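Shown here: upload_20.txt, compact mmCIF, C-alpha atoms.
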# COMPACT_ATOMS: atom_id res chain seq x y z
CA MET J 1 4.80 -23.12 -28.99
CA TYR J 2 7.96 -21.46 -30.21
CA ASP J 3 11.53 -22.45 -30.80
CA TYR J 4 13.75 -19.90 -29.14
CA TYR J 5 16.93 -20.27 -31.19
CA ASP J 6 16.72 -16.71 -32.54
CA GLU J 7 16.20 -15.04 -29.19
CA LEU J 8 18.38 -17.14 -26.90
CA GLY J 9 20.64 -19.05 -29.26
CA ILE J 10 19.26 -22.30 -27.87
CA GLY J 11 16.33 -24.45 -28.89
CA ARG J 12 13.16 -25.08 -26.94
CA GLU J 13 14.21 -28.48 -25.57
CA THR J 14 17.49 -27.13 -24.18
CA LEU J 15 15.65 -24.18 -22.65
CA LEU J 16 12.99 -26.39 -21.04
CA ALA J 17 15.63 -28.72 -19.61
CA GLN J 18 17.45 -25.76 -18.04
CA ILE J 19 14.25 -24.34 -16.54
CA LYS J 20 13.18 -27.78 -15.27
CA SER J 21 16.51 -28.21 -13.50
CA GLN J 22 15.76 -25.16 -11.32
CA MET J 23 12.39 -26.14 -9.85
CA SER J 24 9.91 -28.73 -8.63
CA GLU J 25 7.76 -30.62 -11.12
CA LYS J 26 4.65 -28.79 -9.87
CA ARG J 27 6.24 -25.40 -10.51
CA PHE J 28 7.51 -26.54 -13.93
CA ASN J 29 3.96 -27.46 -14.89
CA HIS J 30 2.78 -24.05 -13.72
CA VAL J 31 5.48 -22.44 -15.88
CA LEU J 32 4.28 -24.36 -18.96
CA SER J 33 0.71 -23.28 -18.22
CA VAL J 34 1.74 -19.63 -17.89
CA GLU J 35 3.56 -19.87 -21.24
CA LYS J 36 0.38 -21.21 -22.83
CA GLU J 37 -1.90 -18.64 -21.19
CA ALA J 38 0.48 -15.76 -21.97
CA ILE J 39 0.55 -16.73 -25.64
CA ARG J 40 -3.25 -17.01 -25.66
CA LEU J 41 -3.71 -13.57 -24.04
CA ALA J 42 -1.03 -12.06 -26.31
CA GLU J 43 -2.95 -13.21 -29.36
CA ILE J 44 -6.19 -11.73 -28.02
CA HIS J 45 -4.67 -8.37 -27.08
CA GLY J 46 -2.23 -7.73 -29.91
CA VAL J 47 1.01 -8.51 -28.08
CA ASP J 48 3.93 -10.44 -29.64
CA PRO J 49 3.15 -14.05 -28.61
CA GLN J 50 6.81 -15.12 -28.89
CA GLN J 51 7.82 -12.49 -26.30
CA ALA J 52 4.85 -13.39 -24.10
CA GLY J 53 5.60 -17.11 -24.30
CA LEU J 54 9.27 -16.72 -23.45
CA ALA J 55 8.46 -14.37 -20.55
CA GLY J 56 5.94 -16.93 -19.33
CA LEU J 57 8.48 -19.75 -19.49
CA LEU J 58 11.11 -17.77 -17.60
CA HIS J 59 8.96 -15.81 -15.12
CA ASP J 60 9.56 -18.18 -12.18
CA TYR J 61 13.07 -19.26 -13.19
CA ALA J 62 14.53 -17.86 -9.93
CA LYS J 63 11.61 -18.79 -7.66
CA GLU J 64 13.49 -21.59 -5.89
CA LEU J 65 16.82 -19.79 -5.63
CA PRO J 66 18.09 -19.71 -2.01
CA ASP J 67 17.69 -16.40 -0.14
CA GLU J 68 21.49 -16.04 0.10
CA GLU J 69 21.77 -15.97 -3.70
CA PHE J 70 19.21 -13.19 -3.96
CA GLN J 71 21.02 -11.22 -1.25
CA HIS J 72 24.26 -11.72 -3.19
CA LEU J 73 22.64 -10.53 -6.46
CA ILE J 74 21.20 -7.41 -4.74
CA LYS J 75 24.73 -6.45 -3.64
CA LYS J 76 26.48 -7.57 -6.84
CA TYR J 77 24.22 -5.43 -9.05
CA ASP J 78 24.00 -2.57 -6.52
CA LEU J 79 20.20 -2.77 -6.39
CA ASP J 80 18.05 -0.79 -3.94
CA ARG J 81 19.24 -1.98 -0.51
CA ASP J 82 15.65 -1.82 0.80
CA LEU J 83 15.12 -5.03 -1.18
CA LEU J 84 17.10 -6.81 1.55
CA ASN J 85 14.13 -6.17 3.89
CA TRP J 86 11.86 -8.27 1.69
CA GLY J 87 11.73 -11.94 0.70
CA ASN J 88 11.44 -14.49 -2.06
CA ASN J 89 8.01 -13.34 -3.20
CA VAL J 90 9.36 -9.88 -4.06
CA TRP J 91 12.86 -11.01 -5.08
CA HIS J 92 12.08 -13.74 -7.61
CA GLY J 93 10.87 -11.17 -10.15
CA LEU J 94 12.64 -7.90 -9.30
CA VAL J 95 15.99 -9.60 -8.65
CA GLY J 96 15.38 -12.84 -10.54
CA ILE J 97 15.99 -11.12 -13.88
CA TYR J 98 19.68 -10.73 -12.96
CA LYS J 99 19.94 -14.51 -12.51
CA ILE J 100 18.19 -14.99 -15.85
CA ARG J 101 20.61 -12.61 -17.56
CA GLU J 102 23.52 -14.53 -16.10
CA ASP J 103 22.21 -17.92 -17.20
CA PHE J 104 20.79 -17.04 -20.64
CA ASN J 105 21.74 -14.87 -23.54
CA LEU J 106 18.60 -12.79 -23.14
CA GLU J 107 18.82 -9.06 -23.71
CA ASP J 108 15.23 -8.32 -24.77
CA GLN J 109 14.47 -5.53 -22.27
CA GLU J 110 10.72 -5.84 -22.82
CA ILE J 111 10.75 -9.52 -21.83
CA LEU J 112 13.04 -8.85 -18.86
CA GLN J 113 10.78 -6.02 -17.67
CA ALA J 114 7.68 -8.25 -17.88
CA ILE J 115 9.45 -10.91 -15.79
CA LYS J 116 10.72 -8.24 -13.39
CA VAL J 117 7.24 -6.95 -12.50
CA HIS J 118 5.24 -10.16 -12.88
CA THR J 119 4.47 -10.38 -9.12
CA VAL J 120 4.29 -6.77 -7.91
CA GLY J 121 3.28 -5.05 -11.15
CA SER J 122 4.04 -1.37 -11.62
CA SER J 123 2.16 1.88 -12.08
CA ASN J 124 3.25 1.98 -15.73
CA MET J 125 2.89 -1.44 -17.37
CA SER J 126 3.33 -2.31 -21.04
CA LYS J 127 0.79 -4.63 -22.63
CA LEU J 128 3.39 -7.41 -22.44
CA ASP J 129 3.86 -6.72 -18.70
CA LYS J 130 0.10 -6.96 -18.21
CA VAL J 131 -0.21 -10.20 -20.20
CA VAL J 132 2.43 -11.95 -18.08
CA TYR J 133 1.15 -10.49 -14.78
CA VAL J 134 -2.37 -11.70 -15.60
CA ALA J 135 -1.40 -15.05 -17.15
CA ASP J 136 0.40 -16.00 -13.93
CA TYR J 137 -2.96 -15.59 -12.20
CA THR J 138 -5.35 -17.07 -14.75
CA GLU J 139 -3.39 -20.05 -16.16
CA GLU J 140 -5.45 -23.24 -16.33
CA THR J 141 -4.12 -24.97 -13.20
CA ARG J 142 -5.00 -22.02 -10.93
CA ASN J 143 -7.96 -22.66 -8.68
CA PHE J 144 -9.01 -20.05 -6.14
CA PRO J 145 -12.16 -18.07 -5.36
CA GLY J 146 -12.55 -15.45 -8.08
CA VAL J 147 -10.41 -17.17 -10.73
CA ASP J 148 -13.35 -17.44 -13.15
CA GLU J 149 -14.00 -13.70 -12.88
CA ALA J 150 -10.27 -13.03 -13.36
CA ARG J 151 -10.28 -15.20 -16.53
CA LYS J 152 -13.30 -13.39 -17.94
CA LEU J 153 -11.60 -10.01 -17.40
CA ALA J 154 -8.30 -11.32 -18.81
CA ASP J 155 -10.01 -12.12 -22.11
CA SER J 156 -11.99 -8.89 -22.35
CA ASP J 157 -9.96 -6.06 -20.76
CA LEU J 158 -6.32 -6.25 -19.63
CA ASN J 159 -6.54 -3.10 -17.48
CA ARG J 160 -9.55 -4.42 -15.59
CA ALA J 161 -7.78 -7.77 -15.17
CA VAL J 162 -4.72 -6.05 -13.68
CA ALA J 163 -7.02 -4.02 -11.39
CA TYR J 164 -8.82 -7.16 -10.24
CA GLU J 165 -5.59 -9.07 -9.60
CA SER J 166 -3.80 -6.20 -7.84
CA LYS J 167 -6.80 -5.64 -5.59
CA SER J 168 -7.03 -9.36 -4.78
CA THR J 169 -3.32 -9.40 -3.98
CA ILE J 170 -3.58 -6.48 -1.53
CA ARG J 171 -6.61 -8.03 0.18
CA HIS J 172 -5.04 -11.47 0.37
CA LEU J 173 -1.78 -10.22 1.91
CA CYS J 174 -3.69 -7.98 4.30
CA GLU J 175 -5.88 -10.86 5.46
CA LYS J 176 -2.73 -12.90 6.13
CA ASN J 177 -1.18 -9.99 8.11
CA VAL J 178 1.75 -9.93 5.70
CA ARG J 179 3.72 -6.82 4.74
CA ILE J 180 2.90 -5.46 1.27
CA TYR J 181 5.67 -4.26 -1.07
CA PRO J 182 4.96 -0.59 -1.88
CA GLN J 183 5.22 -1.19 -5.64
CA ALA J 184 2.26 -3.58 -5.35
CA LEU J 185 0.24 -0.69 -3.89
CA ASP J 186 1.41 1.58 -6.73
CA THR J 187 -0.03 -0.98 -9.15
CA TYR J 188 -3.34 -1.09 -7.28
CA ASN J 189 -3.49 2.73 -7.12
CA ALA J 190 -2.77 3.08 -10.84
CA PHE J 191 -5.26 0.44 -12.04
CA ILE J 192 -8.16 0.50 -9.56
CA GLN J 193 -9.84 3.17 -11.71
CA TYR J 194 -10.49 0.46 -14.32
CA ILE J 195 -12.34 -1.99 -12.06
CA MET M 196 -10.86 18.70 30.48
CA TYR M 197 -8.20 21.37 30.25
CA ASP M 198 -7.99 25.09 29.89
CA TYR M 199 -5.63 25.90 27.05
CA TYR M 200 -4.53 29.40 27.98
CA ASP M 201 -0.90 28.35 28.49
CA GLU M 202 -0.55 26.54 25.20
CA LEU M 203 -2.68 28.66 22.90
CA GLY M 204 -3.12 31.92 24.77
CA ILE M 205 -6.90 31.40 24.73
CA GLY M 206 -9.30 29.71 27.11
CA ARG M 207 -11.28 26.53 26.46
CA GLU M 208 -14.55 28.28 25.64
CA THR M 209 -12.94 30.51 23.01
CA LEU M 210 -11.16 27.49 21.51
CA LEU M 211 -14.36 25.41 21.38
CA ALA M 212 -16.28 28.26 19.75
CA GLN M 213 -13.60 28.62 17.06
CA ILE M 214 -13.56 24.84 16.36
CA LYS M 215 -17.37 24.70 16.32
CA SER M 216 -17.49 27.49 13.74
CA GLN M 217 -15.57 25.28 11.28
CA MET M 218 -17.78 22.18 11.20
CA SER M 219 -21.16 20.49 11.46
CA GLU M 220 -22.62 19.71 14.85
CA LYS M 221 -22.11 15.99 14.26
CA ARG M 222 -18.40 16.47 13.59
CA PHE M 223 -18.07 18.79 16.59
CA ASN M 224 -19.52 16.07 18.81
CA HIS M 225 -17.03 13.59 17.30
CA VAL M 226 -14.20 16.03 18.08
CA LEU M 227 -15.31 16.28 21.74
CA SER M 228 -15.43 12.47 21.92
CA VAL M 229 -11.93 12.15 20.45
CA GLU M 230 -10.64 14.66 23.01
CA LYS M 231 -12.18 12.56 25.81
CA GLU M 232 -10.91 9.26 24.41
CA ALA M 233 -7.41 10.65 23.70
CA ILE M 234 -7.14 11.89 27.31
CA ARG M 235 -8.33 8.50 28.59
CA LEU M 236 -5.80 6.59 26.45
CA ALA M 237 -3.04 9.07 27.33
CA GLU M 238 -3.61 8.40 31.02
CA ILE M 239 -3.48 4.64 30.47
CA HIS M 240 -0.33 4.72 28.35
CA GLY M 241 1.75 7.41 30.04
CA VAL M 242 1.28 10.20 27.51
CA ASP M 243 0.72 13.86 28.48
CA PRO M 244 -3.10 14.11 28.61
CA GLN M 245 -3.08 17.86 27.93
CA GLN M 246 -1.22 17.32 24.63
CA ALA M 247 -3.50 14.38 23.76
CA GLY M 248 -6.66 16.33 24.56
CA LEU M 249 -5.64 19.38 22.54
CA ALA M 250 -4.60 17.20 19.57
CA GLY M 251 -7.98 15.43 19.84
CA LEU M 252 -9.87 18.73 19.84
CA LEU M 253 -7.98 20.06 16.82
CA HIS M 254 -7.50 16.89 14.74
CA ASP M 255 -10.46 17.52 12.40
CA TYR M 256 -10.25 21.33 12.47
CA ALA M 257 -9.63 21.45 8.70
CA LYS M 258 -11.92 18.55 7.74
CA GLU M 259 -14.58 20.79 6.16
CA LEU M 260 -12.18 23.18 4.45
CA PRO M 261 -12.92 23.49 0.69
CA ASP M 262 -10.58 21.60 -1.66
CA GLU M 263 -9.38 24.90 -3.13
CA GLU M 264 -8.06 26.02 0.23
CA PHE M 265 -6.06 22.80 0.64
CA GLN M 266 -4.66 23.21 -2.88
CA HIS M 267 -3.71 26.78 -1.99
CA LEU M 268 -1.99 25.66 1.26
CA ILE M 269 -0.02 22.93 -0.59
CA LYS M 270 1.38 25.58 -2.93
CA LYS M 271 1.80 28.30 -0.28
CA TYR M 272 3.88 26.03 1.97
CA ASP M 273 5.66 24.31 -0.94
CA LEU M 274 4.49 20.86 0.18
CA ASP M 275 5.01 17.67 -1.86
CA ARG M 276 3.14 18.36 -5.12
CA ASP M 277 1.97 14.73 -5.24
CA LEU M 278 -0.48 15.76 -2.50
CA LEU M 279 -2.48 17.52 -5.24
CA ASN M 280 -3.36 14.06 -6.60
CA TRP M 281 -5.16 13.17 -3.38
CA GLY M 282 -8.23 14.48 -1.58
CA ASN M 283 -9.78 15.68 1.64
CA ASN M 284 -9.23 12.44 3.51
CA VAL M 285 -5.46 12.74 3.07
CA TRP M 286 -5.30 16.55 3.18
CA HIS M 287 -7.20 17.33 6.38
CA GLY M 288 -4.34 15.95 8.51
CA LEU M 289 -1.19 16.31 6.42
CA VAL M 290 -2.10 19.77 5.14
CA GLY M 291 -4.63 20.71 7.83
CA ILE M 292 -1.86 21.49 10.32
CA TYR M 293 -0.87 24.51 8.21
CA LYS M 294 -4.40 25.89 8.60
CA ILE M 295 -4.23 25.23 12.34
CA ARG M 296 -0.91 27.07 12.60
CA GLU M 297 -2.41 30.04 10.76
CA ASP M 298 -5.50 30.19 12.97
CA PHE M 299 -3.97 29.40 16.38
CA ASN M 300 -0.83 30.22 18.23
CA LEU M 301 0.17 26.56 18.40
CA GLU M 302 3.83 25.68 17.98
CA ASP M 303 3.96 22.40 19.93
CA GLN M 304 5.53 20.20 17.23
CA GLU M 305 4.47 17.00 18.99
CA ILE M 306 0.81 18.00 18.92
CA LEU M 307 1.05 19.20 15.31
CA GLN M 308 2.71 15.92 14.27
CA ALA M 309 -0.03 13.86 15.96
CA ILE M 310 -2.69 15.86 14.09
CA LYS M 311 -0.69 15.59 10.86
CA VAL M 312 -0.65 11.78 10.85
CA HIS M 313 -3.97 11.10 12.57
CA THR M 314 -5.53 9.58 9.41
CA VAL M 315 -2.65 7.95 7.52
CA GLY M 316 -0.31 7.23 10.43
CA SER M 317 3.40 6.82 9.76
CA SER M 318 6.06 4.15 10.04
CA ASN M 319 7.55 5.97 13.02
CA MET M 320 4.85 7.13 15.43
CA SER M 321 5.33 8.65 18.87
CA LYS M 322 3.07 7.46 21.68
CA LEU M 323 1.10 10.71 21.31
CA ASP M 324 0.68 10.04 17.57
CA LYS M 325 -0.64 6.55 18.35
CA VAL M 326 -3.05 7.81 21.03
CA VAL M 327 -4.66 10.32 18.66
CA TYR M 328 -4.70 7.90 15.68
CA VAL M 329 -6.41 5.26 17.82
CA ALA M 330 -8.75 7.61 19.72
CA ASP M 331 -10.19 8.83 16.41
CA TYR M 332 -11.20 5.20 15.77
CA THR M 333 -12.33 4.09 19.22
CA GLU M 334 -14.14 7.18 20.58
CA GLU M 335 -17.51 6.37 22.12
CA THR M 336 -19.76 7.45 19.21
CA ARG M 337 -17.98 5.14 16.71
CA ASN M 338 -20.02 2.14 15.72
CA PHE M 339 -18.68 -0.28 13.11
CA PRO M 340 -17.87 -3.99 12.93
CA GLY M 341 -14.73 -4.58 14.95
CA VAL M 342 -14.93 -1.45 17.12
CA ASP M 343 -15.15 -3.49 20.33
CA GLU M 344 -11.98 -5.38 19.44
CA ALA M 345 -10.30 -2.06 18.54
CA ARG M 346 -11.29 -0.63 21.96
CA LYS M 347 -9.93 -3.65 23.80
CA LEU M 348 -6.60 -3.33 21.99
CA ALA M 349 -6.53 0.44 22.55
CA ASP M 350 -6.64 -0.10 26.31
CA SER M 351 -4.11 -2.92 26.41
CA ASP M 352 -1.51 -2.34 23.66
CA LEU M 353 -1.14 0.80 21.52
CA ASN M 354 1.02 -0.93 18.88
CA ARG M 355 -1.55 -3.70 18.39
CA ALA M 356 -4.29 -1.09 18.23
CA VAL M 357 -2.43 0.81 15.50
CA ALA M 358 -1.84 -2.48 13.64
CA TYR M 359 -5.53 -3.37 13.86
CA GLU M 360 -6.68 0.06 12.70
CA SER M 361 -4.16 0.36 9.85
CA LYS M 362 -5.11 -3.11 8.59
CA SER M 363 -8.83 -2.28 8.80
CA THR M 364 -8.19 0.95 6.90
CA ILE M 365 -6.34 -0.81 4.05
CA ARG M 366 -9.05 -3.47 3.78
CA HIS M 367 -11.87 -0.95 3.91
CA LEU M 368 -10.41 1.27 1.17
CA CYS M 369 -9.57 -1.78 -0.95
CA GLU M 370 -13.12 -3.10 -0.66
CA LYS M 371 -14.42 0.30 -1.79
CA ASN M 372 -11.99 0.32 -4.78
CA VAL M 373 -10.44 3.53 -3.49
CA ARG M 374 -6.80 4.55 -3.94
CA ILE M 375 -4.69 4.15 -0.81
CA TYR M 376 -2.16 6.83 0.21
CA PRO M 377 1.28 5.17 0.32
CA GLN M 378 1.99 6.46 3.83
CA ALA M 379 -1.04 4.47 5.05
CA LEU M 380 0.65 1.34 3.68
CA ASP M 381 3.91 2.33 5.41
CA THR M 382 1.97 2.41 8.68
CA TYR M 383 0.47 -1.03 8.01
CA ASN M 384 3.87 -2.45 7.04
CA ALA M 385 5.54 -1.05 10.17
CA PHE M 386 2.88 -2.18 12.66
CA ILE M 387 1.44 -5.43 11.27
CA GLN M 388 4.13 -7.35 13.16
CA TYR M 389 2.31 -6.46 16.40
CA ILE M 390 -1.08 -7.88 15.46
Rendering of file as structure tokens:
Amino acid sequence: MYDYYDELGIGRETLLAQIKSQMSEKRFNHVLSVEKEAIRLAEIHGVDPQQAGLAGLLHDYAKELPDEEFQHLIKKYDLDRDLLNWGNNVWHGLVGIYKIREDFNLEDQEILQAIKVHTVGSSNMSKLDKVVYVADYTEETRNFPGVDEARKLADSDLNRAVAYESKSTIRHLCEKNVRIYPQALDTYNAFIQYI
Amino acid sequence: MYDYYDELGIGRETLLAQIKSQMSEKRFNHVLSVEKEAIRLAEIHGVDPQQAGLAGLLHDYAKELPDEEFQHLIKKYDLDRDLLNWGNNVWHGLVGIYKIREDFNLEDQEILQAIKVHTVGSSNMSKLDKVVYVADYTEETRNFPGVDEARKLADSDLNRAVAYESKSTIRHLCEKNVRIYPQALDTYNAFIQYI
């Protein structure tokens, strides 16, 4: 793993302690696994593993923030007011990056973008975006029907892996009768050609 | 059934002959079944059955139009150019109404709107829109898993019927790895609360 002094001005232990303070032990373990998987996928697919690792560590930093804080951030940063109609699952990436920017000295726009779209994806994803989006799904503690197929695709073809995950996300939300954020459909529509 | 002289300035037989000339016999029989089902649902749910019947008869009028004609209509009427990225399934309603307006003296905006959204729906549907959207799915010749449930809902609760159909549509397209028109997701998102 990496020491983040150069990027953040703090070392790994300080960073981990700050992340750990924001979440349950289970989620913190997931975060460590996503860091590991993101670095692994970055090395396979020619992405900067330091960027991938840091994005992995920070991707769920805001996941346990109270709804009121997200609502406050949406207003404070004058974000799309339609976001107020959605919930934590959409907010923790799209809005969570504003919390991360407040709490850390992180101005790497590529890392912030990968964290921003790690749940909903986008129609136009960088390789770093794809690595983090996929690593969140394929990290070693994940266990759901189809995870083995997702892991195989993650190693061999990032576009197919994004297609597989975005399709699974749409189906899963639909089966649960849950509203689907339009950007998640944009991701599906852009990548389903690769499946 | 109704004579359409008042609305269109032509009688039923002339109208049927014109519709029949545009499509296969199988589709023409489907059209007659949608007319019948739309009138039946209109009478249950307090919608004007004459509007519902005429929308049912005309809903697939443009379904067998060549792609080039749809592309021409999109440009001629300066419609959203993103429509060019889609195909017949999206076009025959959203663009088909421009063909209908050219071929018939039909200016009833409520009927045209119901035909416009009969495949993709919308987040804000009138009762007439819902009747035609649902009738296309529940008419008597339809035979697919879940059609009996769809028919039960159609008789008892139009919003639940739209929710059921929009969810089935999203799942079906997703299972076929087909792109989904964003307005179809808007319909799902607006109605899934009723399921």
With 8 Å as the cut-off and only C-alpha atoms counted, what is the closest atom pair between each nearby residue of chain M and chain J? Distances in Å to one decimal, ordered by chain and number, as JSON lines.
{"residue": "M:Lys362", "atom": "CA", "partner": "J:Cys174", "partner_atom": "CA", "distance": 6.6}
{"residue": "M:Ile365", "atom": "CA", "partner": "J:Cys174", "partner_atom": "CA", "distance": 7.6}
{"residue": "M:Arg366", "atom": "CA", "partner": "J:Arg171", "partner_atom": "CA", "distance": 6.3}
{"residue": "M:Cys369", "atom": "CA", "partner": "J:Lys167", "partner_atom": "CA", "distance": 6.6}
{"residue": "M:Asn372", "atom": "CA", "partner": "J:Ile192", "partner_atom": "CA", "distance": 6.1}
{"residue": "M:Val373", "atom": "CA", "partner": "J:Ile192", "partner_atom": "CA", "distance": 7.2}
{"residue": "M:Arg374", "atom": "CA", "partner": "J:Asn189", "partner_atom": "CA", "distance": 4.9}
{"residue": "M:Ile375", "atom": "CA", "partner": "J:Asn189", "partner_atom": "CA", "distance": 6.6}
{"residue": "M:Pro377", "atom": "CA", "partner": "J:Pro182", "partner_atom": "CA", "distance": 7.2}
{"residue": "M:Leu380", "atom": "CA", "partner": "J:Pro182", "partner_atom": "CA", "distance": 7.3}
{"residue": "M:Asp381", "atom": "CA", "partner": "J:Pro182", "partner_atom": "CA", "distance": 7.9}
{"residue": "M:Tyr383", "atom": "CA", "partner": "J:Arg179", "partner_atom": "CA", "distance": 7.4}
{"residue": "M:Asn384", "atom": "CA", "partner": "J:Arg179", "partner_atom": "CA", "distance": 4.9}
{"residue": "M:Ile387", "atom": "CA", "partner": "J:Asn177", "partner_atom": "CA", "distance": 6.1}
{"residue": "M:Gln388", "atom": "CA", "partner": "J:Asn177", "partner_atom": "CA", "distance": 7.8}
{"residue": "M:Ile390", "atom": "CA", "partner": "J:Asn177", "partner_atom": "CA", "distance": 7.6}
* Can you list, as a count of residues only, every protein, DNA or RNA residue that comes within 12 Å of Asn105 (chain J) when you count all atoms listed in the file, leaving out same-chain residues fewer than 4 positions away? -> 15
* Please provide the set of residues having any atom within 10 Å of Leu279 (chain M), restricted to all atoms listed in the file, with same-chain residues fewer than 6 positions apart removed, written as a ChimeraX atom specification. => /M:262,265-267,269-270,286
* Selection: 6 Å around region 131-135 of chain J, all atoms listed in the file, excl. self and same-chain fewer than 5 positions, as a ChimeraX atom specification -> /J:34,37-38,118
* Asked: What is the distance, in Å and to one decimal place, between CA of Val31 (chain J) and CA of Leu57 (chain J)?
  -> 5.4 Å
* Spatial neighbours of Arg346 (chain M), max dist 10 Å, only C-alpha atoms, sep filter under 4 positions, as a ChimeraX atom specification -> /M:329-330,332-335,341-342,350-351,356
* Structure fact -> Correct to one decimal, the distance CA of Trp86 (chain J)-CA of Glu68 (chain J) is 12.5 Å
* Skipping near chain neighbours, those fewer than 3 positions away, what residues fall within 8 Å of Asp324 (chain M) using only C-alpha atoms, listed as a list in words? ->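 Contacts, with the query itself left out: Gln308, Ala309, Ile310, Val312, His313, Gly316, Met320, Ser321, Val327 and Tyr328 of chain M.
In this structure, CA of Lys63 (chain J) sits 23.3 Å away from CA of Lys127 (chain J).
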Listed atoms of region 260-265 of chain M, axis-aligned box, 3 Å per side: centre and edge lengths to one decimal in Å, as AutoDock Vina command-line options?
--center_x -9.5 --center_y 23.8 --center_z 0.7 --size_x 12.9 --size_y 10.4 --size_z 13.6
* **Nearest to Lys347 (chain M), chosen from M:Pro244, M:Gly206, M:Lys215, M:Leu236, with only C-alpha atoms counted in the distances** =>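 Of M:Pro244, M:Gly206, M:Lys215, M:Leu236, the one nearest Lys347 (chain M), counting only C-alpha atoms, is M:Leu236.
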Using the structure just given, write a file holding N, CA, C and O atoms for region 91-102 of chain J, as a PDB file, in the first residue's frame.
ATOM      1  N   TRP J  91     -26.270  10.126  -2.754  1.00  0.00           N
ATOM      2  CA  TRP J  91     -25.528  11.256  -2.191  1.00  0.00           C
ATOM      3  C   TRP J  91     -24.074  10.925  -1.823  1.00  0.00           C
ATOM      4  O   TRP J  91     -23.199  11.767  -1.960  1.00  0.00           O
ATOM      5  N   HIS J  92     -23.826   9.718  -1.310  1.00  0.00           N
ATOM      6  CA  HIS J  92     -22.523   9.504  -0.660  1.00  0.00           C
ATOM      7  C   HIS J  92     -21.360   9.603  -1.648  1.00  0.00           C
ATOM      8  O   HIS J  92     -20.235   9.891  -1.235  1.00  0.00           O
ATOM      9  N   GLY J  93     -21.648   9.422  -2.951  1.00  0.00           N
ATOM     10  CA  GLY J  93     -20.623   9.673  -3.962  1.00  0.00           C
ATOM     11  C   GLY J  93     -20.724  11.084  -4.534  1.00  0.00           C
ATOM     12  O   GLY J  93     -19.822  11.903  -4.399  1.00  0.00           O
ATOM     13  N   LEU J  94     -21.888  11.375  -5.137  1.00  0.00           N
ATOM     14  CA  LEU J  94     -22.057  12.647  -5.866  1.00  0.00           C
ATOM     15  C   LEU J  94     -21.869  13.863  -4.964  1.00  0.00           C
ATOM     16  O   LEU J  94     -21.343  14.886  -5.400  1.00  0.00           O
ATOM     17  N   VAL J  95     -22.314  13.761  -3.712  1.00  0.00           N
ATOM     18  CA  VAL J  95     -22.200  14.881  -2.778  1.00  0.00           C
ATOM     19  C   VAL J  95     -21.051  14.647  -1.801  1.00  0.00           C
ATOM     20  O   VAL J  95     -20.439  15.593  -1.296  1.00  0.00           O
ATOM     21  N   GLY J  96     -20.746  13.366  -1.565  1.00  0.00           N
ATOM     22  CA  GLY J  96     -19.703  13.013  -0.593  1.00  0.00           C
ATOM     23  C   GLY J  96     -18.352  13.658  -0.896  1.00  0.00           C
ATOM     24  O   GLY J  96     -17.583  13.966   0.034  1.00  0.00           O
ATOM     25  N   ILE J  97     -18.073  13.892  -2.182  1.00  0.00           N
ATOM     26  CA  ILE J  97     -16.768  14.489  -2.513  1.00  0.00           C
ATOM     27  C   ILE J  97     -16.612  15.889  -1.909  1.00  0.00           C
ATOM     28  O   ILE J  97     -15.495  16.327  -1.665  1.00  0.00           O
ATOM     29  N   TYR J  98     -17.704  16.578  -1.654  1.00  0.00           N
ATOM     30  CA  TYR J  98     -17.591  17.918  -1.046  1.00  0.00           C
ATOM     31  C   TYR J  98     -17.199  17.805   0.415  1.00  0.00           C
ATOM     32  O   TYR J  98     -16.460  18.634   0.937  1.00  0.00           O
ATOM     33  N   LYS J  99     -17.671  16.766   1.087  1.00  0.00           N
ATOM     34  CA  LYS J  99     -17.243  16.480   2.462  1.00  0.00           C
ATOM     35  C   LYS J  99     -15.753  16.102   2.480  1.00  0.00           C
ATOM     36  O   LYS J  99     -14.984  16.562   3.334  1.00  0.00           O
ATOM     37  N   ILE J 100     -15.359  15.294   1.508  1.00  0.00           N
ATOM     38  CA  ILE J 100     -13.954  14.876   1.437  1.00  0.00           C
ATOM     39  C   ILE J 100     -13.056  16.088   1.208  1.00  0.00           C
ATOM     40  O   ILE J 100     -12.008  16.235   1.851  1.00  0.00           O
ATOM     41  N   ARG J 101     -13.469  16.974   0.323  1.00  0.00           N
ATOM     42  CA  ARG J 101     -12.667  18.180   0.064  1.00  0.00           C
ATOM     43  C   ARG J 101     -12.592  19.084   1.285  1.00  0.00           C
ATOM     44  O   ARG J 101     -11.603  19.794   1.482  1.00  0.00           O
ATOM     45  N   GLU J 102     -13.629  19.067   2.097  1.00  0.00           N
ATOM     46  CA  GLU J 102     -13.582  19.879   3.326  1.00  0.00           C
ATOM     47  C   GLU J 102     -12.647  19.276   4.363  1.00  0.00           C
ATOM     48  O   GLU J 102     -11.986  19.991   5.109  1.00  0.00           O
TER      49      GLU J 102
END
